[in-house]
Structures are given as structure tokens and as C-alpha cells.
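One structure is given here, and the rest of the page talks about it.
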Amino acid sequence: MIIKIVAAFLVFMVVMGAIQKWLNPNHKTPLDRIRGAKLPRPRKCKSCGRFLLGSDDCRCKDR
Ligand SMILES: [Zn+2]
């Protein structure tokens with residue numbers, strides 16, 4: 001029963017987002033905010049090409 005309510009709520013949210021997007025394409029829906037909150041693009045070290053985690057610089061230059 002609760003699952004049905006949750007599912008109906010999710011469908012309602014998606015439909016509302018679709019309607020808002022249809023009425024105002026520039027409007028940011030909560031779903032868009034979630035999508036936009038994804039991690040930024042992985043950075044790569046310019047010297048060795050390894051992916052950098054967080055804001056740390058690659059250690060290849062220290063060696
Ligand atoms: Zn490097």
C-alpha cells in the first residue's frame with residue numbers, strides 16, 4: 001500500500017516536472033537540480049593523463 005503511494009507520488013512529480021518544462025522550458029525542476037548536482041567532470045593530470053581525485057594535484061611532478 002505504501003509502495004503504491006510512493007510510486008504514485010513519484011509519477012506525480014515526474015508529470016509535474018514534464019508539465020512545468022512544457023510550459024516553461026527554462027524552468028529548473030527538482031529533477032534537473034539533481035542531475036545538475038552530479039559530480040563535476042573528472043579532471044586529468046596535464047602531465048601524465050591520470051584522473052585526479054578531489055582537488056589534489058597529481059604527484060607525478062613531485063617525483
Ligand atoms: Zn600526473
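If you're wondering about the labels, chains in the C-alpha cells are A, B, ... by order shown, residues count from 1 in each chain, ligands from 1 in order shown.
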
Pull the closest atom pair for each residue of chain A that gets at most 9 Å from ligand 1, along with the distance in Å to one decimal, counting only C-alpha atoms and all ligand atoms, ordering rows by chain and then ascending residue number, as a tab-separated table.
residue	atom	partner	partner_atom_place_in_ligand_line	distance
A:Lys44	CA	ligand 1	1 (Zn)	7.8
A:Cys45	CA	ligand 1	1 (Zn)	4.6
A:Lys46	CA	ligand 1	1 (Zn)	6.4
A:Ser47	CA	ligand 1	1 (Zn)	4.9
A:Cys48	CA	ligand 1	1 (Zn)	4.1
A:Gly49	CA	ligand 1	1 (Zn)	6.0
A:Arg50	CA	ligand 1	1 (Zn)	5.8
A:Phe51	CA	ligand 1	1 (Zn)	8.2
A:Leu52	CA	ligand 1	1 (Zn)	8.2
A:Asp57	CA	ligand 1	1 (Zn)	7.7
A:Cys58	CA	ligand 1	1 (Zn)	4.5
A:Arg59	CA	ligand 1	1 (Zn)	5.9
A:Cys60	CA	ligand 1	1 (Zn)	4.3
A:Lys61	CA	ligand 1	1 (Zn)	6.5

Could you write out that same residue set with N, CA and C atoms as a PDB file, in the first residue's frame?
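Result went into again.pdb, see below:
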ATOM      1  N   LYS A  44      41.887  15.530 -15.399  1.00  0.00           N
ATOM      2  CA  LYS A  44      43.038  14.691 -15.725  1.00  0.00           C
ATOM      3  C   LYS A  44      44.305  15.508 -15.541  1.00  0.00           C
ATOM      4  N   CYS A  45      45.320  14.802 -15.111  1.00  0.00           N
ATOM      5  CA  CYS A  45      46.613  15.459 -14.981  1.00  0.00           C
ATOM      6  C   CYS A  45      47.109  15.853 -16.365  1.00  0.00           C
ATOM      7  N   LYS A  46      47.621  17.070 -16.451  1.00  0.00           N
ATOM      8  CA  LYS A  46      48.082  17.539 -17.760  1.00  0.00           C
ATOM      9  C   LYS A  46      49.385  16.867 -18.166  1.00  0.00           C
ATOM     10  N   SER A  47      50.121  16.390 -17.172  1.00  0.00           N
ATOM     11  CA  SER A  47      51.434  15.814 -17.487  1.00  0.00           C
ATOM     12  C   SER A  47      51.335  14.344 -17.835  1.00  0.00           C
ATOM     13  N   CYS A  48      50.635  13.566 -16.970  1.00  0.00           N
ATOM     14  CA  CYS A  48      50.658  12.121 -17.170  1.00  0.00           C
ATOM     15  C   CYS A  48      49.305  11.570 -17.608  1.00  0.00           C
ATOM     16  N   GLY A  49      48.235  12.376 -17.537  1.00  0.00           N
ATOM     17  CA  GLY A  49      46.952  11.919 -18.042  1.00  0.00           C
ATOM     18  C   GLY A  49      46.149  11.096 -17.060  1.00  0.00           C
ATOM     19  N   ARG A  50      46.623  10.951 -15.834  1.00  0.00           N
ATOM     20  CA  ARG A  50      45.859  10.188 -14.852  1.00  0.00           C
ATOM     21  C   ARG A  50      44.692  11.029 -14.323  1.00  0.00           C
ATOM     22  N   PHE A  51      43.621  10.354 -13.942  1.00  0.00           N
ATOM     23  CA  PHE A  51      42.489  11.075 -13.366  1.00  0.00           C
ATOM     24  C   PHE A  51      42.857  11.563 -11.976  1.00  0.00           C
ATOM     25  N   LEU A  52      42.420  12.779 -11.669  1.00  0.00           N
ATOM     26  CA  LEU A  52      42.708  13.361 -10.371  1.00  0.00           C
ATOM     27  C   LEU A  52      41.466  13.266  -9.506  1.00  0.00           C
ATOM     28  N   ASP A  57      46.424  17.738  -6.485  1.00  0.00           N
ATOM     29  CA  ASP A  57      47.192  17.733  -7.720  1.00  0.00           C
ATOM     30  C   ASP A  57      47.888  16.393  -7.858  1.00  0.00           C
ATOM     31  N   CYS A  58      48.153  16.053  -9.071  1.00  0.00           N
ATOM     32  CA  CYS A  58      48.849  14.790  -9.323  1.00  0.00           C
ATOM     33  C   CYS A  58      50.239  14.865  -8.733  1.00  0.00           C
ATOM     34  N   ARG A  59      50.706  13.707  -8.277  1.00  0.00           N
ATOM     35  CA  ARG A  59      52.017  13.671  -7.640  1.00  0.00           C
ATOM     36  C   ARG A  59      53.136  13.372  -8.621  1.00  0.00           C
ATOM     37  N   CYS A  60      52.785  13.255  -9.877  1.00  0.00           N
ATOM     38  CA  CYS A  60      53.839  12.872 -10.818  1.00  0.00           C
ATOM     39  C   CYS A  60      54.919  13.929 -10.881  1.00  0.00           C
ATOM     40  N   LYS A  61      54.574  15.202 -10.533  1.00  0.00           N
ATOM     41  CA  LYS A  61      55.582  16.263 -10.625  1.00  0.00           C
ATOM     42  C   LYS A  61      56.532  16.233  -9.437  1.00  0.00           C
TER      43      LYS A  61
END

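Proximity ranking of A:Asp56, A:Ile19, A:Phe12, A:Ala7 relative to Arg43 of chain A places A:Asp56 first, based on only C-alpha atoms.
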
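As for atom CA of Arg33 of chain A and atom CA of Met16 of chain A, they are spaced 14.6 Å apart.
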
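Of note, atom CA of Val11 of chain A and atom CA of Asn24 of chain A are spaced 19.5 Å apart.
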
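Between atom CA of Lys28 of chain A and atom CA of Ile2 of chain A the separation is 28.6 Å.
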